[in-house]
Amino acid sequence: MHEQHHLLKNEAATARMAQAIANCVIAGDVVFLEGDLGAGKTTFTRYFARALGVTGRVKSPTYALIESYELPSNATKIQQLHHFDLYRLAEPREWFSAGFDEYLSTAAVVFIEWAEKAAGALPAPTLVVQLSHVDEFVSDDELNDSPRQLTLKVSDEAAGRFLDLHLD
Ligand SMILES: Nc1ncnc2c1ncn2[C@@H]1O[C@H](COP(=O)(O)OP(=O)(O)OP(=O)(O)O)[C@@H](O)[C@H]1O
Ligand SMILES: [Mg+2]
């Protein structure tokens with residue numbers, strides 16, 4: 001795994017980073033999103049989906065556990081984005097019994113929040129996106145736009161693709 005650290009000073013910076021990562025991702029990639037409640041995992045996914053041309057609502061898969069998006073045909077060969085939030089997965093084997101394994105496809109990019117809830121059932125990720133709050137205390141009016149620390153962990157196979165993230 002190759003590790004990179006970035007400071008995202010506000011939500012716009014998160015959006016630019018999601019865009020930059022969208023430019024490096026290819027069909028078949030599996031992305032784990034890690035971080036506390038409210039760290040920005042779903043927000044990051046929303047900007048990523050937008051960067052790939054998703055125009056409709058991108059909502060948190062909190063209750064459904066999965067939301068899927070068909071991507072417009074564009075320069076990439078990615079046909080779908082599947083976004084999981086496994087927070088409410090009762091146990092890892094439910095990943096299989098719910099049929100979720102079938103969403104892993106060479107035509108799709110799969111984003112997974114709370115992957116640890118399916119420990120042992122998931123493939124090794126291409127990329128791990130870790131988001132964390134920077135400030136221990138954030139005042140209410142800063143909640144909607146505050147800094148995040150980002151750690152990217154890229155698999156050895158994919159490391160070359162993510163070396164040169166263009167952030168502007
Ligand atoms: N720099 C930032 N990057 C991302 N989100 C930010 C940033 N600054 C503020 N926010 C806000 O923080 C919130 C992040 O919520 P989000 O639902 O994305 O978190 P989450 O990690 O998916 O949480 P959960 O584990 O509950 O699913 C959003 O309201 C977003 O607008
Ligand atoms: Mg979320």
# chains A, B, ... in the order shown; residues from 1 in each chain; ligands from 1
>>> residues_around(residues="Ala119 (chain A)", least_positions_apart="2", cutoff="12 Å", atoms="only C-alpha atoms", output="JSON, numbers by chain")
{"A": [32, 86, 89, 90, 91, 92, 93, 94, 95, 96, 112, 114, 115, 116, 117, 121, 122, 123, 124]}
>>> write_last_selection(atoms="N, CA and C atoms", output="JSON list (two decimals), in the first residue's frame")
[["chain", "number", "residue", "atom", "x", "y", "z"],
["A", 32, "PHE", "N", -12.67, 1.72, -0.45],
["A", 32, "PHE", "CA", -13.20, 1.75, 0.91],
["A", 32, "PHE", "C", -13.14, 3.18, 1.42],
["A", 86, "LEU", "N", -22.37, -0.01, 4.81],
["A", 86, "LEU", "CA", -22.61, -1.29, 5.50],
["A", 86, "LEU", "C", -22.77, -1.13, 7.00],
["A", 89, "LEU", "N", -25.15, -3.51, 8.40],
["A", 89, "LEU", "CA", -25.00, -4.93, 8.08],
["A", 89, "LEU", "C", -24.86, -5.70, 9.40],
["A", 90, "ALA", "N", -25.70, -6.73, 9.57],
["A", 90, "ALA", "CA", -25.70, -7.44, 10.86],
["A", 90, "ALA", "C", -24.44, -8.26, 11.04],
["A", 91, "GLU", "N", -23.99, -8.93, 10.00],
["A", 91, "GLU", "CA", -22.79, -9.76, 10.09],
["A", 91, "GLU", "C", -22.20, -9.93, 8.71],
["A", 92, "PRO", "N", -20.91, -10.24, 8.62],
["A", 92, "PRO", "CA", -20.25, -10.29, 7.31],
["A", 92, "PRO", "C", -20.93, -11.20, 6.28],
["A", 93, "ARG", "N", -21.47, -12.35, 6.73],
["A", 93, "ARG", "CA", -22.00, -13.26, 5.71],
["A", 93, "ARG", "C", -23.26, -12.72, 5.03],
["A", 94, "GLU", "N", -23.86, -11.68, 5.66],
["A", 94, "GLU", "CA", -25.00, -11.03, 5.02],
["A", 94, "GLU", "C", -24.59, -10.37, 3.70],
["A", 95, "TRP", "N", -23.31, -10.04, 3.56],
["A", 95, "TRP", "CA", -22.81, -9.49, 2.29],
["A", 95, "TRP", "C", -23.15, -10.45, 1.14],
["A", 96, "PHE", "N", -23.01, -11.74, 1.41],
["A", 96, "PHE", "CA", -23.30, -12.76, 0.38],
["A", 96, "PHE", "C", -24.80, -13.04, 0.30],
["A", 112, "ILE", "N", -17.42, 1.67, -0.78],
["A", 112, "ILE", "CA", -17.97, 1.00, 0.40],
["A", 112, "ILE", "C", -17.63, 1.77, 1.67],
["A", 114, "TRP", "N", -17.95, 1.80, 5.77],
["A", 114, "TRP", "CA", -18.02, 0.81, 6.86],
["A", 114, "TRP", "C", -17.75, -0.60, 6.36],
["A", 115, "ALA", "N", -16.70, -0.75, 5.54],
["A", 115, "ALA", "CA", -16.32, -2.06, 5.00],
["A", 115, "ALA", "C", -16.00, -3.06, 6.11],
["A", 116, "GLU", "N", -15.58, -2.55, 7.28],
["A", 116, "GLU", "CA", -15.22, -3.48, 8.37],
["A", 116, "GLU", "C", -16.42, -4.32, 8.83],
["A", 117, "LYS", "N", -17.63, -3.86, 8.51],
["A", 117, "LYS", "CA", -18.82, -4.65, 8.88],
["A", 117, "LYS", "C", -18.94, -5.91, 8.03],
["A", 121, "ALA", "N", -15.34, -10.75, 3.88],
["A", 121, "ALA", "CA", -16.20, -11.03, 2.72],
["A", 121, "ALA", "C", -15.81, -10.20, 1.50],
["A", 122, "LEU", "N", -15.04, -9.15, 1.72],
["A", 122, "LEU", "CA", -14.77, -8.21, 0.64],
["A", 122, "LEU", "C", -13.39, -8.45, 0.03],
["A", 123, "PRO", "N", -13.24, -8.08, -1.23],
["A", 123, "PRO", "CA", -11.91, -8.15, -1.84],
["A", 123, "PRO", "C", -11.02, -7.05, -1.26],
["A", 124, "ALA", "N", -9.73, -7.18, -1.49],
["A", 124, "ALA", "CA", -8.81, -6.10, -1.08],
["A", 124, "ALA", "C", -9.15, -4.86, -1.92]]
>>> select_by_dssp(residues="chain A", states="alpha helix (DSSP H)", output="list in words")
Glu11, Ala12, Ala13, Thr14, Ala15, Arg16, Met17, Ala18, Gln19, Ala20, Ile21, Ala22, Lys41, Thr42, Thr43, Phe44, Thr45, Arg46, Tyr47, Phe48, Ala49, Arg50, Ala51, Glu94, Trp95, Phe96 and Ser97 of chain A
>>> residues_around(residues="region 11-24 of chain A", least_positions_apart="2", cutoff="7 Å", atoms="only C-alpha atoms", output="MDAnalysis selection string")
chainID A and resid 8:9 26 44 47:48 51:52 145:146 161:162 165:167
>>> write_last_selection(atoms="N, CA and C atoms", output="PDB file, in the first residue's frame")
ATOM      1  N   LEU A   8      -7.611  18.873   3.367  1.00  0.00           N
ATOM      2  CA  LEU A   8      -8.730  19.437   2.599  1.00  0.00           C
ATOM      3  C   LEU A   8      -9.287  20.568   3.447  1.00  0.00           C
ATOM      4  N   LYS A   9      -9.053  21.802   3.021  1.00  0.00           N
ATOM      5  CA  LYS A   9      -9.314  22.880   3.974  1.00  0.00           C
ATOM      6  C   LYS A   9     -10.785  23.261   4.075  1.00  0.00           C
ATOM      7  N   ILE A  26     -10.476   3.449 -12.504  1.00  0.00           N
ATOM      8  CA  ILE A  26     -10.913   2.684 -13.678  1.00  0.00           C
ATOM      9  C   ILE A  26     -11.944   1.634 -13.256  1.00  0.00           C
ATOM     10  N   PHE A  44     -17.997  12.884  -0.026  1.00  0.00           N
ATOM     11  CA  PHE A  44     -16.934  12.587  -0.988  1.00  0.00           C
ATOM     12  C   PHE A  44     -17.493  11.763  -2.145  1.00  0.00           C
ATOM     13  N   TYR A  47     -19.560  13.890  -4.601  1.00  0.00           N
ATOM     14  CA  TYR A  47     -18.746  14.678  -5.544  1.00  0.00           C
ATOM     15  C   TYR A  47     -18.082  13.777  -6.584  1.00  0.00           C
ATOM     16  N   PHE A  48     -17.709  12.587  -6.155  1.00  0.00           N
ATOM     17  CA  PHE A  48     -17.123  11.623  -7.085  1.00  0.00           C
ATOM     18  C   PHE A  48     -18.155  11.253  -8.170  1.00  0.00           C
ATOM     19  N   ALA A  51     -18.588  13.956 -10.610  1.00  0.00           N
ATOM     20  CA  ALA A  51     -17.442  14.042 -11.527  1.00  0.00           C
ATOM     21  C   ALA A  51     -17.569  13.021 -12.650  1.00  0.00           C
ATOM     22  N   LEU A  52     -18.244  11.911 -12.372  1.00  0.00           N
ATOM     23  CA  LEU A  52     -18.434  10.889 -13.405  1.00  0.00           C
ATOM     24  C   LEU A  52     -19.725  11.100 -14.186  1.00  0.00           C
ATOM     25  N   ASP A 145     -18.746  23.555   6.611  1.00  0.00           N
ATOM     26  CA  ASP A 145     -17.563  23.817   5.803  1.00  0.00           C
ATOM     27  C   ASP A 145     -16.348  23.856   6.710  1.00  0.00           C
ATOM     28  N   SER A 146     -15.751  22.721   6.897  1.00  0.00           N
ATOM     29  CA  SER A 146     -14.624  22.668   7.817  1.00  0.00           C
ATOM     30  C   SER A 146     -13.548  21.749   7.253  1.00  0.00           C
ATOM     31  N   ARG A 161      -1.210   4.947 -10.929  1.00  0.00           N
ATOM     32  CA  ARG A 161      -2.333   5.753 -11.428  1.00  0.00           C
ATOM     33  C   ARG A 161      -2.640   6.958 -10.538  1.00  0.00           C
ATOM     34  N   PHE A 162      -2.297   6.863  -9.273  1.00  0.00           N
ATOM     35  CA  PHE A 162      -2.698   7.902  -8.312  1.00  0.00           C
ATOM     36  C   PHE A 162      -1.539   8.772  -7.842  1.00  0.00           C
ATOM     37  N   LEU A 165      -1.959  13.326  -8.605  1.00  0.00           N
ATOM     38  CA  LEU A 165      -3.318  13.859  -8.528  1.00  0.00           C
ATOM     39  C   LEU A 165      -3.318  15.349  -8.845  1.00  0.00           C
ATOM     40  N   HIS A 166      -4.047  15.716  -9.852  1.00  0.00           N
ATOM     41  CA  HIS A 166      -4.124  17.134 -10.227  1.00  0.00           C
ATOM     42  C   HIS A 166      -5.286  17.785  -9.504  1.00  0.00           C
ATOM     43  N   LEU A 167      -4.987  18.684  -8.608  1.00  0.00           N
ATOM     44  CA  LEU A 167      -6.034  19.217  -7.751  1.00  0.00           C
ATOM     45  C   LEU A 167      -6.620  20.532  -8.241  1.00  0.00           C
TER      46      LEU A 167
END
>>> select_by_dssp(residues="region 48-140 of chain A", states="strand (DSSP E)", output="list in words")
Ile66, Glu67, Ser68, Tyr69, Glu70, Gln80, Leu81, His82, His83, Phe84, Asp85, Ala108, Val109, Val110, Phe111, Ile112, Glu113, Leu127, Val128, Val129, Gln130, Leu131, Ser132 and His133 of chain A
>>> residues_around(residues="Val154 (chain A)", least_positions_apart="5", cutoff="9 Å", atoms="only C-alpha atoms", output="list in words")
Met1, His2, Glu3, Gln4, Pro125, Thr126, Leu127, Val128, Val129, Ala159 and Phe162 of chain A
>>> write_last_selection(atoms="C-alpha atoms", output="mmCIF file, in the first residue's frame")
data_model
loop_
_atom_site.group_PDB
_atom_site.id
_atom_site.type_symbol
_atom_site.label_atom_id
_atom_site.label_comp_id
_atom_site.auth_asym_id
_atom_site.auth_seq_id
_atom_site.Cartn_x
_atom_site.Cartn_y
_atom_site.Cartn_z
ATOM 1 C CA MET A 1 0.000 0.000 0.000
ATOM 2 C CA HIS A 2 1.211 3.502 -0.870
ATOM 3 C CA GLU A 3 0.088 6.305 1.412
ATOM 4 C CA GLN A 4 -0.572 9.964 0.666
ATOM 5 C CA PRO A 125 -9.527 -2.484 -2.025
ATOM 6 C CA THR A 126 -7.792 -0.630 -4.830
ATOM 7 C CA LEU A 127 -7.963 2.530 -2.773
ATOM 8 C CA VAL A 128 -8.763 3.412 0.828
ATOM 9 C CA VAL A 129 -10.018 6.954 1.439
ATOM 10 C CA ALA A 159 -0.148 3.109 -7.163
ATOM 11 C CA PHE A 162 -2.698 7.902 -8.312
#
>>> closest_residue(among="A:Thr151, A:Ser68, A:Thr106, A:Ser60", to="ligand 1", atoms="only C-alpha atoms and all ligand atoms")
A:Ser60
>>> atom_distance(atom1="atom 22 (O, counted along the ligand's line) of ligand 1", atom2="CA of Tyr63 (chain A)")
12.8 Å
>>> closest_atom_pairs(of="chain A", to="ligand 2", cutoff="10 Å", atoms="only C-alpha atoms and all ligand atoms", output="Markdown table")
| residue | atom | partner | partner_atom_place_in_ligand_line | distance |
| --- | --- | --- | --- | --- |
| A:Leu33 | CA | ligand 2 | 1 (Mg) | 8.9 |
| A:Glu34 | CA | ligand 2 | 1 (Mg) | 9.6 |
| A:Gly35 | CA | ligand 2 | 1 (Mg) | 9.3 |
| A:Asp36 | CA | ligand 2 | 1 (Mg) | 9.2 |
| A:Leu37 | CA | ligand 2 | 1 (Mg) | 7.1 |
| A:Gly38 | CA | ligand 2 | 1 (Mg) | 6.9 |
| A:Ala39 | CA | ligand 2 | 1 (Mg) | 8.2 |
| A:Gly40 | CA | ligand 2 | 1 (Mg) | 6.8 |
| A:Lys41 | CA | ligand 2 | 1 (Mg) | 5.1 |
| A:Thr42 | CA | ligand 2 | 1 (Mg) | 4.0 |
| A:Thr43 | CA | ligand 2 | 1 (Mg) | 7.3 |
| A:Phe44 | CA | ligand 2 | 1 (Mg) | 9.0 |
| A:Thr45 | CA | ligand 2 | 1 (Mg) | 8.6 |
| A:Arg46 | CA | ligand 2 | 1 (Mg) | 9.9 |
| A:Lys59 | CA | ligand 2 | 1 (Mg) | 8.9 |
| A:Ser60 | CA | ligand 2 | 1 (Mg) | 5.6 |
| A:Pro61 | CA | ligand 2 | 1 (Mg) | 7.4 |
| A:Thr62 | CA | ligand 2 | 1 (Mg) | 7.0 |
| A:His83 | CA | ligand 2 | 1 (Mg) | 9.8 |
| A:Phe84 | CA | ligand 2 | 1 (Mg) | 9.0 |
| A:Asp85 | CA | ligand 2 | 1 (Mg) | 6.6 |
| A:Leu86 | CA | ligand 2 | 1 (Mg) | 9.5 |
| A:Tyr87 | CA | ligand 2 | 1 (Mg) | 8.9 |
| A:Ile112 | CA | ligand 2 | 1 (Mg) | 9.5 |
| A:Glu113 | CA | ligand 2 | 1 (Mg) | 6.6 |
| A:Trp114 | CA | ligand 2 | 1 (Mg) | 8.7 |
>>> write_last_selection(atoms="N, CA and C atoms", output="mmCIF file, in the first residue's frame")
data_model
loop_
_atom_site.group_PDB
_atom_site.id
_atom_site.type_symbol
_atom_site.label_atom_id
_atom_site.label_comp_id
_atom_site.auth_asym_id
_atom_site.auth_seq_id
_atom_site.Cartn_x
_atom_site.Cartn_y
_atom_site.Cartn_z
ATOM 1 N N LEU A 33 -14.206 3.628 2.077
ATOM 2 C CA LEU A 33 -14.259 4.955 2.676
ATOM 3 C C LEU A 33 -14.280 4.801 4.180
ATOM 4 N N GLU A 34 -13.298 5.375 4.854
ATOM 5 C CA GLU A 34 -13.196 5.211 6.295
ATOM 6 C C GLU A 34 -13.233 6.565 6.992
ATOM 7 N N GLY A 35 -13.767 6.559 8.197
ATOM 8 C CA GLY A 35 -13.828 7.789 8.980
ATOM 9 C C GLY A 35 -15.058 7.775 9.859
ATOM 10 N N ASP A 36 -15.022 8.609 10.881
ATOM 11 C CA ASP A 36 -16.123 8.657 11.837
ATOM 12 C C ASP A 36 -17.425 9.097 11.175
ATOM 13 N N LEU A 37 -18.512 8.973 11.933
ATOM 14 C CA LEU A 37 -19.800 9.529 11.501
ATOM 15 C C LEU A 37 -19.601 11.007 11.174
ATOM 16 N N GLY A 38 -20.067 11.400 9.995
ATOM 17 C CA GLY A 38 -19.975 12.806 9.625
ATOM 18 C C GLY A 38 -18.616 13.243 9.116
ATOM 19 N N ALA A 39 -17.705 12.307 8.929
ATOM 20 C CA ALA A 39 -16.366 12.682 8.450
ATOM 21 C C ALA A 39 -16.406 13.167 7.000
ATOM 22 N N GLY A 40 -17.383 12.687 6.244
ATOM 23 C CA GLY A 40 -17.508 13.157 4.860
ATOM 24 C C GLY A 40 -17.453 12.058 3.805
ATOM 25 N N LYS A 41 -17.661 10.817 4.218
ATOM 26 C CA LYS A 41 -17.580 9.687 3.289
ATOM 27 C C LYS A 41 -18.643 9.780 2.194
ATOM 28 N N THR A 42 -19.870 10.050 2.603
ATOM 29 C CA THR A 42 -20.946 10.165 1.621
ATOM 30 C C THR A 42 -20.786 11.427 0.775
ATOM 31 N N THR A 43 -20.368 12.489 1.406
ATOM 32 C CA THR A 43 -20.142 13.750 0.680
ATOM 33 C C THR A 43 -19.077 13.557 -0.394
ATOM 34 N N PHE A 44 -17.997 12.884 -0.026
ATOM 35 C CA PHE A 44 -16.934 12.587 -0.988
ATOM 36 C C PHE A 44 -17.493 11.763 -2.145
ATOM 37 N N THR A 45 -18.302 10.763 -1.842
ATOM 38 C CA THR A 45 -18.885 9.893 -2.878
ATOM 39 C C THR A 45 -19.795 10.697 -3.797
ATOM 40 N N ARG A 46 -20.533 11.628 -3.206
ATOM 41 C CA ARG A 46 -21.444 12.474 -3.996
ATOM 42 C C ARG A 46 -20.658 13.299 -5.023
ATOM 43 N N LYS A 59 -27.936 10.065 -2.693
ATOM 44 C CA LYS A 59 -28.278 10.068 -1.276
ATOM 45 C C LYS A 59 -27.522 8.990 -0.536
ATOM 46 N N SER A 60 -27.438 9.137 0.762
ATOM 47 C CA SER A 60 -26.722 8.157 1.579
ATOM 48 C C SER A 60 -27.477 6.838 1.577
ATOM 49 N N PRO A 61 -26.787 5.729 1.317
ATOM 50 C CA PRO A 61 -27.469 4.416 1.335
ATOM 51 C C PRO A 61 -27.649 3.868 2.745
ATOM 52 N N THR A 62 -27.959 4.736 3.679
ATOM 53 C CA THR A 62 -28.007 4.371 5.092
ATOM 54 C C THR A 62 -28.956 3.206 5.353
ATOM 55 N N HIS A 83 -22.653 2.264 -4.547
ATOM 56 C CA HIS A 83 -22.255 2.915 -3.297
ATOM 57 C C HIS A 83 -22.904 2.184 -2.120
ATOM 58 N N PHE A 84 -22.099 1.536 -1.320
ATOM 59 C CA PHE A 84 -22.587 0.808 -0.152
ATOM 60 C C PHE A 84 -22.310 1.579 1.127
ATOM 61 N N ASP A 85 -23.238 1.486 2.072
ATOM 62 C CA ASP A 85 -23.007 1.890 3.455
ATOM 63 C C ASP A 85 -23.380 0.680 4.306
ATOM 64 N N LEU A 86 -22.372 -0.009 4.814
ATOM 65 C CA LEU A 86 -22.613 -1.287 5.499
ATOM 66 C C LEU A 86 -22.773 -1.125 7.004
ATOM 67 N N TYR A 87 -22.980 0.117 7.458
ATOM 68 C CA TYR A 87 -23.086 0.355 8.900
ATOM 69 C C TYR A 87 -24.122 -0.559 9.546
ATOM 70 N N ILE A 112 -17.422 1.670 -0.778
ATOM 71 C CA ILE A 112 -17.970 0.997 0.400
ATOM 72 C C ILE A 112 -17.630 1.773 1.675
ATOM 73 N N GLU A 113 -18.682 2.289 2.341
ATOM 74 C CA GLU A 113 -18.532 2.872 3.672
ATOM 75 C C GLU A 113 -18.711 1.756 4.697
ATOM 76 N N TRP A 114 -17.946 1.800 5.770
ATOM 77 C CA TRP A 114 -18.024 0.813 6.862
ATOM 78 C C TRP A 114 -17.753 -0.604 6.359
#
>>> residues_around(residues="Leu81 (chain A)", least_positions_apart="2", cutoff="7 Å", atoms="only C-alpha atoms", output="list of chain:residue names")
A:Ser68, A:Tyr69, A:Glu70, A:His83, A:Ala108, A:Val109, A:Val110
>>> atom_distance(atom1="CA of Glu102 (chain A)", atom2="CA of Leu71 (chain A)")
18.1 Å
>>> closest_residue(among="A:Leu152, A:Ala49, A:Val31, A:Ile66", to="Gly99 (chain A)", atoms="only C-alpha atoms")
A:Ile66
>>> atom_distance(atom1="CA of Ala118 (chain A)", atom2="CA of Asp29 (chain A)")
17.5 Å
>>> closest_residue(among="A:Val25, A:Val54, A:Val134, A:Leu7", to="Leu150 (chain A)", atoms="only C-alpha atoms")
A:Leu7
>>> closest_residue(among="A:Arg148, A:Lys77, A:Arg57, A:Lys153", to="ligand 1", atoms="only C-alpha atoms and all ligand atoms")
A:Arg148
